[in-house]
Amino acid sequence: MKKIAVIFGTRPDTIKLASIILELKKEKKFFKVITIATAQHRQMLDQVLNIFKITPDYDLNIMVPQQSLATLTKNTIGKLGEVLLKEHPDMVIVQGDTTTTFVGSLVAFYHQIPVGHVEAGLRTNDKANPFPEEINRRLTSVLTDLHFAPTDTAKKALLKENISAESIFVTGNTVIDALNISIKKNYKFTVPMLNEVISQRKKIILVTMHRRENWGKPMKGACNAVKRLAIQYPDFNFVFPVHLNPVVKEVVHNTLDNLKNVFLIAPLDYSDFVNFMSKTYLIITDSGGVQEEGPHFGIPILVLRKVTERPEAVKYGTVKLVGLDEDKIFRTSKRLIENKSAYKKMASAVNPYGDGLSAKRTVQILKNYFNISNSLIKEFIPHK
Ligand code: UD1
Ligand code: UDP
């Protein structure tokens, strides 16, 4: 029996670890799963835990309003250290690129516990973009023993950093496992406003923003672009679930309050969000996860970033890196609203990120690692 500690703390890492936790829990004969929530996020984490019916064994309740990166890191190290000292698991699993991810792998290393990193190998090779996630990923990689790379591109990035090929597996991204669990035909939204927006039968543009490197002027510019679009296209509805960070809320509300066809709403629970996403016309976002989910539905995405660590869907043509320039965001969106053939060219469903079997592969790899089994791992290969 091997004890696996799964550490998570924010909305995206929890969404992407949920299928692995559920899959590990099916293997009661071989694995004891300890779930540790740093709760770097609070409400946005609890929404995900409710949807996937996960009750953490430990909840470190780290979040304080407007936490600085340094304080967040310090508090997480201290509290996680105590739990790992007590539990001393056979492996720690972390996901992605948050402070929880990096600190989880660091504290595991201090306790000489092997680390499994889910969504390993994403890179922009630009220290400042995304900030601080690019560095969190790189720091996590040097502390990791098993690298679960979502795509072949990610695997190649790890090989370039001299990480041994035997420790890297292309699993696909569990973001697609989570979608498969949550997307339902005839889904009933829990937030009545979403039903109302859909019943208006206008085309919908979904917007999300939160990245630290976009705070201030860039975010203001992007919001201005959305405002201009909303004014120019009253026949479109703009739905914007606003991240709970007060820095983000302030600029979004200051710019977009009181526009008839802009709906600024609280973060949606994951099921509402992805089922609603599937009904939208266009997505404008700086999110990592949303960039991976949109292509699954064939919805064009404009990404509010200078660079992306997810080049696959850009290559397939469903994602365009539009940057943070107000005019460029406005013009590119306008073209997709007015030009049918430009829109059609982007709107094809592709699945470069996963096939829904990533959690199963990950658990199989763990079984091989611990000599519980010795099965051949069929790595993820995307089909267009
Ligand atoms: C974090 C991650 C980022 C990820 C994002 C997903 C780091 C450094 N950043 O950024 O990689 O893309 O989560 O959303 O790990 N807040 C609440 N309630 C919540 C969540 C946040 O009030 O449920 C507010 C708090 O004031 C908190 C602030 O948002 O202090 C910032 O949260 P934090 O986790 O530090 O950073 P994010 O910007 O959310
Ligand atoms: N998401 C959600 N509710 C929302 C907005 C997003 O559940 O109101 C989900 C979305 O489906 C995706 C994840 O949150 O899986 C992305 O999180 P976020 O954009 O906060 O972080 P990132 O992926 O950029 O790290």
# chains A, B, ... in the order shown; residues from 1 in each chain; ligands from 1
call {"tool": "residues_near_ligand", "arguments": {"ligand": "ligand 1", "cutoff": "8 Å", "atoms": "only C-alpha atoms and all ligand atoms", "output": "ChimeraX atom specification"}}
result
/A:10-12,40-46,63-69,72,97-101,131-133,210-212,243-247,287-288
call {"tool": "write_last_selection", "arguments": {"atoms": "C-alpha atoms", "output": "CSV table (one decimal), in the first residue's frame"}}
result
chain,number,residue,atom,x,y,z
A,10,THR,CA,-6.4,27.2,-6.4
A,11,ARG,CA,-9.2,26.8,-8.8
A,12,PRO,CA,-7.3,25.5,-11.8
A,40,GLN,CA,-4.5,29.5,-1.5
A,41,HIS,CA,-7.9,30.3,-3.0
A,42,ARG,CA,-11.0,30.1,-0.7
A,43,GLN,CA,-14.3,30.6,-2.4
A,44,MET,CA,-13.0,29.6,-5.9
A,45,LEU,CA,-11.4,26.5,-4.4
A,46,ASP,CA,-14.6,25.5,-2.5
A,63,MET,CA,-5.7,32.6,1.8
A,64,VAL,CA,-5.7,36.2,3.1
A,65,PRO,CA,-7.1,39.0,1.1
A,66,GLN,CA,-4.6,40.5,-1.3
A,67,GLN,CA,-1.8,38.2,-0.2
A,68,SER,CA,1.7,39.0,-1.4
A,69,LEU,CA,3.6,36.3,-3.2
A,72,LEU,CA,1.8,33.3,0.6
A,97,ASP,CA,2.4,26.4,-12.0
A,98,THR,CA,0.9,28.1,-8.9
A,99,THR,CA,2.7,28.9,-5.6
A,100,THR,CA,1.0,25.8,-4.2
A,101,THR,CA,2.6,23.8,-6.9
A,131,PHE,CA,4.5,36.0,-13.8
A,132,PRO,CA,5.3,34.2,-11.6
A,133,GLU,CA,4.1,31.0,-13.2
A,210,HIS,CA,-6.7,37.7,-13.9
A,211,ARG,CA,-3.0,37.4,-14.7
A,212,ARG,CA,-0.6,39.4,-12.5
A,243,HIS,CA,-12.0,36.8,-10.6
A,244,LEU,CA,-12.2,37.6,-6.9
A,245,ASN,CA,-8.9,39.3,-6.7
A,246,PRO,CA,-9.7,42.9,-5.6
A,247,VAL,CA,-7.1,44.3,-8.0
A,287,SER,CA,-6.5,32.1,-18.7
A,288,GLY,CA,-4.4,29.1,-19.2
call {"tool": "residues_around", "arguments": {"residues": "range 337-346 of chain A", "least_positions_apart": "5", "cutoff": "8 Å", "atoms": "only C-alpha atoms", "output": "list of chain:residue names"}}
result
A:Gly298, A:Ile299, A:Pro300, A:Gly317, A:Thr318, A:Val319
call {"tool": "closest_residue", "arguments": {"among": "A:Arg310, A:Lys2, A:Lys220, A:His253", "to": "ligand 2", "atoms": "only C-alpha atoms and all ligand atoms"}}
result
A:Arg310
call {"tool": "residues_around", "arguments": {"residues": "Gly104 in chain A", "least_positions_apart": "6", "cutoff": "9 Å", "atoms": "only C-alpha atoms", "output": "MDAnalysis selection string"}}
result
chainID A and resid 7:8 76:77 80:81 92:94 115 140
call {"tool": "select_by_dssp", "arguments": {"residues": "range 77-325 of chain A", "states": "alpha helix (DSSP H)", "output": "NGL selection string"}}
result
:A and (77-87 or 99-110 or 133-143 or 152-160 or 174-182 or 192-199 or 217-232 or 246-256 or 270-277 or 288-297 or 312-316)
call {"tool": "closest_atom_pairs", "arguments": {"of": "chain A", "to": "ligand 2", "cutoff": "7 Å", "atoms": "only C-alpha atoms and all ligand atoms", "output": "tab-separated table"}}
result
residue	atom	partner	partner_atom_place_in_ligand_line	distance
A:Arg11	CA	ligand 2	17 (O)	5.7
A:Pro12	CA	ligand 2	17 (O)	4.4
A:Ile15	CA	ligand 2	15 (O)	6.1
A:Val175	CA	ligand 2	15 (O)	6.7
A:Thr208	CA	ligand 2	5 (C)	6.7
A:His210	CA	ligand 2	20 (O)	7.0
A:Pro241	CA	ligand 2	8 (O)	4.9
A:Val242	CA	ligand 2	8 (O)	6.9
A:Ala266	CA	ligand 2	8 (O)	6.9
A:Pro267	CA	ligand 2	8 (O)	3.6
A:Leu268	CA	ligand 2	8 (O)	3.8
A:Asp269	CA	ligand 2	7 (O)	4.9
A:Tyr270	CA	ligand 2	7 (O)	3.3
A:Ser271	CA	ligand 2	7 (O)	6.9
A:Phe273	CA	ligand 2	3 (N)	5.0
A:Val274	CA	ligand 2	11 (O)	5.4
A:Asp286	CA	ligand 2	24 (O)	6.6
A:Ser287	CA	ligand 2	24 (O)	3.4
A:Gly288	CA	ligand 2	23 (O)	3.7
A:Gly289	CA	ligand 2	23 (O)	3.5
A:Val290	CA	ligand 2	12 (C)	5.0
A:Glu293	CA	ligand 2	11 (O)	7.0
call {"tool": "select_by_dssp", "arguments": {"residues": "range 177-240 of chain A", "states": "strand (DSSP E)", "output": "MDAnalysis selection string"}}
result
chainID A and resid 203:208 236:240
call {"tool": "write_last_selection", "arguments": {"atoms": "N, CA, C and O atoms", "output": "PDB file, in the first residue's frame"}}
result
ATOM      1  N   LYS A 203     -25.796  36.372 -29.692  1.00  0.00           N
ATOM      2  CA  LYS A 203     -24.508  35.682 -29.618  1.00  0.00           C
ATOM      3  C   LYS A 203     -23.785  36.153 -28.352  1.00  0.00           C
ATOM      4  O   LYS A 203     -23.924  37.308 -27.931  1.00  0.00           O
ATOM      5  N   ILE A 204     -23.008  35.233 -27.787  1.00  0.00           N
ATOM      6  CA  ILE A 204     -22.382  35.536 -26.487  1.00  0.00           C
ATOM      7  C   ILE A 204     -20.863  35.565 -26.617  1.00  0.00           C
ATOM      8  O   ILE A 204     -20.262  34.661 -27.219  1.00  0.00           O
ATOM      9  N   ILE A 205     -20.266  36.594 -26.041  1.00  0.00           N
ATOM     10  CA  ILE A 205     -18.802  36.642 -25.949  1.00  0.00           C
ATOM     11  C   ILE A 205     -18.432  36.503 -24.471  1.00  0.00           C
ATOM     12  O   ILE A 205     -18.918  37.252 -23.619  1.00  0.00           O
ATOM     13  N   LEU A 206     -17.623  35.484 -24.191  1.00  0.00           N
ATOM     14  CA  LEU A 206     -17.221  35.188 -22.801  1.00  0.00           C
ATOM     15  C   LEU A 206     -15.848  35.811 -22.559  1.00  0.00           C
ATOM     16  O   LEU A 206     -14.945  35.671 -23.387  1.00  0.00           O
ATOM     17  N   VAL A 207     -15.720  36.498 -21.418  1.00  0.00           N
ATOM     18  CA  VAL A 207     -14.448  37.166 -21.123  1.00  0.00           C
ATOM     19  C   VAL A 207     -13.955  36.742 -19.742  1.00  0.00           C
ATOM     20  O   VAL A 207     -14.745  36.667 -18.794  1.00  0.00           O
ATOM     21  N   THR A 208     -12.660  36.411 -19.621  1.00  0.00           N
ATOM     22  CA  THR A 208     -12.062  36.268 -18.282  1.00  0.00           C
ATOM     23  C   THR A 208     -10.661  36.883 -18.287  1.00  0.00           C
ATOM     24  O   THR A 208      -9.983  36.885 -19.311  1.00  0.00           O
ATOM     25  N   PHE A 236     -24.861  41.637 -29.302  1.00  0.00           N
ATOM     26  CA  PHE A 236     -24.065  40.600 -28.633  1.00  0.00           C
ATOM     27  C   PHE A 236     -24.165  40.804 -27.130  1.00  0.00           C
ATOM     28  O   PHE A 236     -24.197  41.934 -26.652  1.00  0.00           O
ATOM     29  N   ASN A 237     -24.181  39.700 -26.393  1.00  0.00           N
ATOM     30  CA  ASN A 237     -24.072  39.776 -24.932  1.00  0.00           C
ATOM     31  C   ASN A 237     -22.652  39.421 -24.521  1.00  0.00           C
ATOM     32  O   ASN A 237     -22.059  38.478 -25.059  1.00  0.00           O
ATOM     33  N   PHE A 238     -22.122  40.184 -23.588  1.00  0.00           N
ATOM     34  CA  PHE A 238     -20.775  39.928 -23.070  1.00  0.00           C
ATOM     35  C   PHE A 238     -20.906  39.437 -21.631  1.00  0.00           C
ATOM     36  O   PHE A 238     -21.467  40.143 -20.790  1.00  0.00           O
ATOM     37  N   VAL A 239     -20.419  38.227 -21.372  1.00  0.00           N
ATOM     38  CA  VAL A 239     -20.529  37.671 -20.020  1.00  0.00           C
ATOM     39  C   VAL A 239     -19.129  37.543 -19.448  1.00  0.00           C
ATOM     40  O   VAL A 239     -18.239  36.949 -20.065  1.00  0.00           O
ATOM     41  N   PHE A 240     -18.929  38.126 -18.277  1.00  0.00           N
ATOM     42  CA  PHE A 240     -17.588  38.251 -17.709  1.00  0.00           C
ATOM     43  C   PHE A 240     -17.641  37.829 -16.240  1.00  0.00           C
ATOM     44  O   PHE A 240     -17.979  38.632 -15.367  1.00  0.00           O
TER      45      PHE A 240
END
call {"tool": "atom_distance", "arguments": {"atom1": "CA of Lys188 in chain A", "atom2": "CA of Ile51 in chain A"}}
result
14.2 Å
call {"tool": "atom_distance", "arguments": {"atom1": "CA of Arg361 in chain A", "atom2": "CA of Ser167 in chain A"}}
result
14.1 Å
call {"tool": "atom_distance", "arguments": {"atom1": "CA of His383 in chain A", "atom2": "CA of Asn351 in chain A"}}
result
6.6 Å
call {"tool": "closest_residue", "arguments": {"among": "A:Gly323, A:Pro311, A:Gly216, A:Gly354", "to": "Thr124 in chain A", "atoms": "only C-alpha atoms"}}
result
A:Pro311
call {"tool": "residues_around", "arguments": {"residues": "Phe30 in chain A", "least_positions_apart": "2", "cutoff": "12 Å", "atoms": "only C-alpha atoms", "output": "list in words"}}
result
Met1, Lys2, Lys3, Ile4, Glu23, Leu24, Lys25, Lys26, Glu27, Lys28, Lys32, Val33, Asp90, Val363, Gln364, Leu366, Lys367, Asn368, Phe370, Asn371, Ile372 and Ser373 of chain A
call {"tool": "closest_residue", "arguments": {"among": "A:Ile198, A:Lys360, A:Ile176, A:Ala225", "to": "Gly294 in chain A", "atoms": "only C-alpha atoms"}}
result
A:Ile176
